[in-house]
There are 2 protein chains.
Amino acid sequence: MSAASSGLLRLFRRCPPADLSPYRHFIVADRHVGWVDPDFARLLAEFPAVFYLTDRTVHLHDRLEQIEDRSKAVADVLARLHERGHVPGWRGELYPVNRRFGEAPLLLMERAATPLFGLQTYGINVNGLVRDGNGWRIWIARRAMTKHVDPGMLDLIVGGGVPHGISLADNLLKECAEEAGIGPTLAERAQPAGLTTMIVAAHEGLRVGVQFNYDLELPADFQPRNDDGEVSEFQLWSLSQLEESLRTRDDFMFDAALAKLDLLVRLGVVGPEDPDYLDLIAQLRRPAAFVRT
Amino acid sequence: MSAASSGLLRLFRRCPPADLSPYRHFIVADRHVGWVDPDFARLLAEFPAVFYLTDRTVHLHDRLEQIEDRSKAVADVLARLHERGHVPGWRGELYPVNRRFGEAPLLLMERAATPLFGLQTYGINVNGLVRDGNGWRIWIARRAMTKHVDPGMLDLIVGGGVPHGISLADNLLKECAEEAGIGPTLAERAQPAGLTTMIVAAHEGLRVGVQFNYDLELPADFQPRNDDGEVSEFQLWSLSQLEESLRTRDDFMFDAALAKLDLLVRLGVVGPEDPDYLDLIAQLRRPAAFVRT
């Protein structure tokens with residue numbers, strides 16, 4: 001393990017996979033859709049008309065049969081817990097709660113609460129690539145110091161969670177425009193390239209994430225431009241600069257680091273000569289929580 | 001599930017992940033390196049100077065302390081079992097037995113026996129790609145009817161197991177030359193692009209495989225040529241033809257199908273609009289048996 005201490009596996013030591021054993025299963029309509037930690041479960045137990053608990057589970061009450069009833073009842077509970085400071089970072093965005101991506105949601109829930117319920121959430125990442133001889137250079141963004149999560153850290157030039165009611169494709173166009181000034185004609189050229197997953201215990205709760213990764217070739221004269229104030233600067237890096245940064249520093253947000261490492265594996269910049277190659281690839285796509293395997 | 005029955009997941013219904021529960025752990029020098037099925041374990045129990053068994057394990061005898069002693073003792077047992085018809089398809093190639101790729105082997109074992117011990121084996125796959133406008137066409141090989149495994153099925157143009165004593169890079173050059181007439185100057189341009197894994201119960205035993213996948217751009221006028229008699233024909237396909245074949249037919253060897261599906265995911269031909277996208281990607285890289293996770 002000593003040889004790997006300056007290697008790429010350090011990324012996963014910073015954010016190790018969560019131990020799920022202390023969490024209670026969150027059950028909606030007989031479906032296991034998330035994990036609730038014991039402290040938050042105790043708060044939910046104060047609302048027995050909405051949640052009931054067993055030793056190992058937190059159930060949404062079965063009398064709530066429709067998506068509208070469920071969403072309304074949960075929203076009321078979350079609003080009261082938010083007032084008491086238990087749901088920080090309120091976003092005003094609704095996320096779908098379901099067991100498989102694309103299925104009709106069982107309820108909709110405020111984004112800030114999704115890690116408290118350990119819900120699987122979905123996001124998009126776009127690698128902004130510029131041709132450089134036979135290889136590529138890549139645009140990197142630095143997050144504004146005003147961001148709620150990970151201020152000042154390095155990030156993708158385009159990325160974001162996918163809320164309810166918007167397709168991946170439309171979300172990609174929206175985020176490309178807002179975050180990097182990439183218009184729809186260019187953004188539509190983005191190619192899906194697979195996904196990365198994470199199950200990480202963070203200060204805001206359990207992050208169970210599936211990130212759909214896209215590659216987008218940008219013209220050499222394109223300059224990204226941020227319109228929503230979330231980015232402080234853009235830099236155009238070589239892939240070896242990216243690898244060196246991932247290998248030696250903790251500058252990247254974890255989900256961005258996953259997407260970047262996946263890119264370096266796909267492009268062969270990180271290859272089987274790396275002694276941790278198998279372990280790295282296993283970590284890039286930890287078994288997503290709610291896939292059939 | 002009915003909507004998926006004509007989808008790409010059918011690949012994995014044909015070769016579902018193995019249920020490992022009936023297998024005994026194969027232990028060498030206190031390390032779990034494989035799985036032995038109960039019938040084969042009974043045969044090994046006839047050789048108590050080499051193997052000893054418990055209810056749940058098959059141990060290589062601890063008195064065999066050096067790689068040479070272990071390899072020799074196991075080879076003698078396998079030769080006797082081969083004479084009795086229990087090790088079909090003898091290859092005369094030695095594979096390394098270890099717990100992690102690249103580690104010094106604990107012993108060397110005849111290739112044909114590796115599925116009987118459920119050893120993790122390693123192979124290379126090369127996707128032979130030809131530029132076609134903004135996209136790609138791909139060379140496909142049909143296996144000779146004389147092949148021991150999967151005669152007549154569709155395959156990669158270059159692929160093979162990695163025996164002891166040859167690096168991945170040298171094995172790639174060797175297989176490129178032998179299987180498709182690709183010289184070293186061209187073959188050296190192959191780019192690693194990740195890996196696919198499988199744990200499948202096959203008629204020859206338990207196949208625990210890690211395949212290192214490479215992409216190789218070939219000139220438009222290049223014509224693959226097979227020199228070892230293992231290929232009956234080569235065809236140049238469009239990627240949509242490849243997708244259609246994987247989606248509707250069982251023409252490809254399973255490991256080749258995995259590599260091809262991985263390619264289609266990386267190139268965005270199969271994207272998140274496929275309702276099985278998450279499940280497909282989870283199946284492409286089932287947790288390899290012997291990685292740290």
# chains A, B, ... in the order shown; residues from 1 in each chain; ligands from 1
$ interface_residues --of "chain B" --to "chain A" --cutoff "10 Å" --atoms "only C-alpha atoms" --output "PyMOL selection string"
chain B and resi 12+16-17+100-103+167-169+190-196+210+212-215+262-283+285-288+290-293
$ write_last_selection --atoms "N, CA and C atoms" --output "compact mmCIF listing (two decimals), in the first residue's frame"
# COMPACT_ATOMS: atom_id res chain seq x y z
N PHE B 12 -26.72 -10.57 -20.72
CA PHE B 12 -26.38 -11.02 -19.37
C PHE B 12 -27.35 -12.08 -18.88
N PRO B 16 -25.47 -15.26 -17.06
CA PRO B 16 -25.70 -14.53 -15.81
C PRO B 16 -24.51 -14.66 -14.88
N PRO B 17 -24.36 -13.71 -13.96
CA PRO B 17 -23.28 -13.82 -12.99
C PRO B 17 -23.44 -15.09 -12.16
N ARG B 100 -3.67 -10.37 -6.79
CA ARG B 100 -3.84 -9.09 -7.47
C ARG B 100 -3.04 -9.12 -8.76
N PHE B 101 -3.56 -8.46 -9.78
CA PHE B 101 -2.87 -8.39 -11.05
C PHE B 101 -1.47 -7.80 -10.86
N GLY B 102 -0.47 -8.47 -11.43
CA GLY B 102 0.88 -7.93 -11.41
C GLY B 102 1.70 -8.37 -10.21
N GLU B 103 1.04 -8.92 -9.17
CA GLU B 103 1.81 -9.40 -8.03
C GLU B 103 2.61 -10.64 -8.42
N SER B 167 4.47 -9.37 -20.72
CA SER B 167 3.76 -8.17 -20.27
C SER B 167 2.51 -7.98 -21.13
N LEU B 168 1.57 -7.17 -20.64
CA LEU B 168 0.38 -6.84 -21.43
C LEU B 168 0.80 -6.24 -22.77
N ALA B 169 1.76 -5.32 -22.73
CA ALA B 169 2.17 -4.62 -23.96
C ALA B 169 2.76 -5.60 -24.97
N ALA B 190 -2.17 1.29 -30.14
CA ALA B 190 -3.36 0.90 -29.38
C ALA B 190 -3.38 1.63 -28.04
N GLN B 191 -4.55 2.14 -27.68
CA GLN B 191 -4.71 2.92 -26.45
C GLN B 191 -5.53 2.12 -25.45
N PRO B 192 -5.03 1.97 -24.21
CA PRO B 192 -5.87 1.32 -23.21
C PRO B 192 -7.12 2.17 -22.95
N ALA B 193 -8.24 1.50 -22.70
CA ALA B 193 -9.51 2.22 -22.57
C ALA B 193 -10.37 1.68 -21.44
N GLY B 194 -9.73 1.00 -20.47
CA GLY B 194 -10.49 0.49 -19.35
C GLY B 194 -10.57 -1.02 -19.37
N LEU B 195 -11.50 -1.56 -18.61
CA LEU B 195 -11.61 -3.02 -18.54
C LEU B 195 -13.04 -3.45 -18.33
N THR B 196 -13.29 -4.71 -18.66
CA THR B 196 -14.57 -5.36 -18.37
C THR B 196 -14.26 -6.62 -17.57
N VAL B 210 -10.79 -10.83 -16.10
CA VAL B 210 -10.59 -9.38 -16.24
C VAL B 210 -10.01 -9.16 -17.62
N PHE B 212 -8.57 -6.43 -20.28
CA PHE B 212 -8.06 -5.08 -20.54
C PHE B 212 -8.41 -4.72 -21.98
N ASN B 213 -9.18 -3.66 -22.13
CA ASN B 213 -9.64 -3.29 -23.47
C ASN B 213 -8.81 -2.16 -24.06
N TYR B 214 -8.48 -2.31 -25.33
CA TYR B 214 -7.70 -1.30 -26.07
C TYR B 214 -8.48 -0.90 -27.31
N ASP B 215 -8.32 0.35 -27.72
CA ASP B 215 -8.84 0.82 -29.01
C ASP B 215 -7.65 1.06 -29.92
N ASP B 262 -19.00 -2.28 -23.98
CA ASP B 262 -18.23 -1.22 -23.32
C ASP B 262 -17.82 -0.14 -24.31
N LEU B 263 -17.41 -0.56 -25.51
CA LEU B 263 -17.04 0.41 -26.55
C LEU B 263 -18.24 1.28 -26.93
N LEU B 264 -19.40 0.66 -27.12
CA LEU B 264 -20.59 1.42 -27.52
C LEU B 264 -21.00 2.41 -26.44
N VAL B 265 -20.78 2.05 -25.17
CA VAL B 265 -21.07 2.98 -24.07
C VAL B 265 -20.05 4.13 -24.09
N ARG B 266 -18.78 3.80 -24.25
CA ARG B 266 -17.76 4.86 -24.24
C ARG B 266 -17.93 5.83 -25.40
N LEU B 267 -18.37 5.32 -26.57
CA LEU B 267 -18.53 6.18 -27.74
C LEU B 267 -19.90 6.85 -27.79
N GLY B 268 -20.77 6.55 -26.83
CA GLY B 268 -22.07 7.21 -26.79
C GLY B 268 -23.09 6.64 -27.75
N VAL B 269 -22.78 5.51 -28.40
CA VAL B 269 -23.78 4.88 -29.28
C VAL B 269 -24.91 4.31 -28.43
N VAL B 270 -24.56 3.76 -27.27
CA VAL B 270 -25.55 3.40 -26.24
C VAL B 270 -25.45 4.46 -25.16
N GLY B 271 -26.53 5.18 -24.92
CA GLY B 271 -26.51 6.29 -23.97
C GLY B 271 -27.64 6.19 -22.96
N PRO B 272 -27.77 7.22 -22.13
CA PRO B 272 -28.74 7.17 -21.02
C PRO B 272 -30.19 7.09 -21.47
N GLU B 273 -30.45 7.26 -22.78
CA GLU B 273 -31.83 7.09 -23.24
C GLU B 273 -32.22 5.62 -23.26
N ASP B 274 -31.23 4.73 -23.16
CA ASP B 274 -31.55 3.30 -23.04
C ASP B 274 -32.08 3.04 -21.63
N PRO B 275 -33.28 2.47 -21.52
CA PRO B 275 -33.87 2.31 -20.17
C PRO B 275 -33.05 1.40 -19.26
N ASP B 276 -32.16 0.61 -19.83
CA ASP B 276 -31.34 -0.30 -19.02
C ASP B 276 -29.91 0.20 -18.82
N TYR B 277 -29.68 1.47 -19.12
CA TYR B 277 -28.31 2.00 -19.13
C TYR B 277 -27.56 1.71 -17.83
N LEU B 278 -28.16 2.00 -16.69
CA LEU B 278 -27.46 1.79 -15.41
C LEU B 278 -27.18 0.31 -15.18
N ASP B 279 -28.15 -0.52 -15.48
CA ASP B 279 -27.97 -1.96 -15.28
C ASP B 279 -26.90 -2.52 -16.21
N LEU B 280 -26.90 -2.06 -17.45
CA LEU B 280 -25.91 -2.53 -18.41
C LEU B 280 -24.50 -2.20 -17.93
N ILE B 281 -24.32 -0.98 -17.48
CA ILE B 281 -22.98 -0.54 -17.07
C ILE B 281 -22.55 -1.29 -15.81
N ALA B 282 -23.50 -1.54 -14.92
CA ALA B 282 -23.17 -2.32 -13.71
C ALA B 282 -22.70 -3.73 -14.10
N GLN B 283 -23.31 -4.30 -15.14
CA GLN B 283 -22.94 -5.66 -15.55
C GLN B 283 -21.59 -5.71 -16.27
N ARG B 285 -18.88 -4.22 -15.58
CA ARG B 285 -17.79 -4.34 -14.62
C ARG B 285 -18.36 -4.80 -13.31
N ARG B 286 -18.73 -6.08 -13.28
CA ARG B 286 -19.11 -6.66 -12.00
C ARG B 286 -17.88 -6.56 -11.11
N PRO B 287 -18.09 -6.42 -9.80
CA PRO B 287 -16.91 -6.30 -8.94
C PRO B 287 -15.96 -7.45 -9.21
N ALA B 288 -14.77 -7.12 -9.66
CA ALA B 288 -13.79 -8.17 -9.90
C ALA B 288 -13.51 -8.85 -8.56
N PHE B 290 -10.96 -10.03 -6.95
CA PHE B 290 -9.83 -9.82 -6.06
C PHE B 290 -9.28 -8.40 -6.13
N VAL B 291 -10.18 -7.45 -6.08
CA VAL B 291 -9.73 -6.08 -5.93
C VAL B 291 -10.06 -5.63 -4.52
N ARG B 292 -9.33 -4.64 -4.05
CA ARG B 292 -9.67 -4.02 -2.77
C ARG B 292 -10.83 -3.08 -3.02
N THR B 293 -11.93 -3.26 -2.32
CA THR B 293 -13.05 -2.32 -2.48
C THR B 293 -13.48 -1.84 -1.10
$ residues_around --residues "Gln241 in chain A" --least-positions-apart "2" --cutoff "12 Å" --atoms "only C-alpha atoms" --output "list of chain:residue names"
A:Trp136, A:Arg137, A:Ile138, A:Trp139, A:Ile140, A:Gln235, A:Leu236, A:Trp237, A:Ser238, A:Leu239, A:Glu243, A:Glu244, A:Ser245, A:Leu246, A:Arg247, A:Thr248, A:Arg249, A:Lys260, A:Leu264, A:Val269
$ select_by_dssp --residues "range 26-240 of chain A" --states "alpha helix (DSSP H)" --output "PyMOL selection string"
chain A and resi 38-44+67-83+168-180+184-187+239-240
$ residues_around --residues "Ala257 in chain A" --least-positions-apart "3" --cutoff "8 Å" --atoms "only C-alpha atoms" --output "compact mmCIF listing (two decimals) with C-alpha atoms, in the first residue's frame"
# COMPACT_ATOMS: atom_id res chain seq x y z
CA LEU A 11 -8.79 10.07 -3.97
CA ASP A 155 -14.63 21.38 -10.82
CA LEU A 246 -5.44 14.14 -9.17
CA PHE A 252 -10.99 18.75 -7.04
CA MET A 253 -14.51 18.17 -5.76
CA PHE A 254 -14.91 14.44 -5.31
CA LYS A 260 -11.91 13.23 -14.54
CA LEU A 261 -10.32 9.93 -13.53
$ atom_distance --atom1 "CA of Thr57 in chain B" --atom2 "CA of Phe26 in chain B"
5.9 Å
$ residues_around --residues "Thr185 in chain A" --least-positions-apart "6" --cutoff "12 Å" --atoms "only C-alpha atoms" --output "NGL selection string"
:A and (173 or 176-177 or 216 or 218)
$ write_last_selection --atoms "C-alpha atoms" --output "short mmCIF file (atom, residue, chain, number, x, y, z; two decimals), in the first residue's frame"
data_model
loop_
_atom_site.label_atom_id
_atom_site.label_comp_id
_atom_site.auth_asym_id
_atom_site.auth_seq_id
_atom_site.Cartn_x
_atom_site.Cartn_y
_atom_site.Cartn_z
CA LEU A 173 -28.32 22.24 -22.58
CA CYS A 176 -24.00 24.28 -20.58
CA ALA A 177 -25.56 27.69 -21.16
CA LEU A 216 -17.83 17.69 -25.55
CA LEU A 218 -14.95 22.55 -28.04
#
$ residues_around --residues "Thr54 in chain A" --least-positions-apart "4" --cutoff "9 Å" --atoms "only C-alpha atoms" --output "PDB file with all heavy atoms, in the first residue's frame"
ATOM      1  N   ARG A  24     -30.756   2.975   8.564  1.00  0.00           N
ATOM      2  CA  ARG A  24     -32.019   2.257   8.395  1.00  0.00           C
ATOM      3  C   ARG A  24     -32.494   2.389   6.957  1.00  0.00           C
ATOM      4  O   ARG A  24     -32.342   3.440   6.343  1.00  0.00           O
ATOM      5  CB  ARG A  24     -33.089   2.873   9.304  1.00  0.00           C
ATOM      6  CG  ARG A  24     -32.716   2.779  10.759  1.00  0.00           C
ATOM      7  CD  ARG A  24     -33.858   3.299  11.574  1.00  0.00           C
ATOM      8  NE  ARG A  24     -33.459   3.422  12.965  1.00  0.00           N
ATOM      9  CZ  ARG A  24     -34.301   3.338  13.981  1.00  0.00           C
ATOM     10  NH1 ARG A  24     -35.598   3.141  13.757  1.00  0.00           N
ATOM     11  NH2 ARG A  24     -33.879   3.467  15.212  1.00  0.00           N
ATOM     12  N   VAL A  58     -37.238   2.934   8.200  1.00  0.00           N
ATOM     13  CA  VAL A  58     -38.110   4.105   8.302  1.00  0.00           C
ATOM     14  C   VAL A  58     -39.086   3.985   7.133  1.00  0.00           C
ATOM     15  O   VAL A  58     -38.654   3.909   5.975  1.00  0.00           O
ATOM     16  CB  VAL A  58     -37.315   5.418   8.173  1.00  0.00           C
ATOM     17  CG1 VAL A  58     -38.265   6.608   8.139  1.00  0.00           C
ATOM     18  CG2 VAL A  58     -36.302   5.544   9.301  1.00  0.00           C
ATOM     19  N   HIS A  59     -40.393   3.918   7.462  1.00  0.00           N
ATOM     20  CA  HIS A  59     -41.406   3.794   6.408  1.00  0.00           C
ATOM     21  C   HIS A  59     -42.134   5.114   6.209  1.00  0.00           C
ATOM     22  O   HIS A  59     -42.504   5.764   7.190  1.00  0.00           O
ATOM     23  CB  HIS A  59     -42.469   2.754   6.806  1.00  0.00           C
ATOM     24  CG  HIS A  59     -42.002   1.345   6.688  1.00  0.00           C
ATOM     25  ND1 HIS A  59     -42.362   0.526   5.654  1.00  0.00           N
ATOM     26  CD2 HIS A  59     -41.201   0.614   7.491  1.00  0.00           C
ATOM     27  CE1 HIS A  59     -41.803  -0.668   5.823  1.00  0.00           C
ATOM     28  NE2 HIS A  59     -41.094  -0.639   6.935  1.00  0.00           N
TER      29      HIS A  59
END
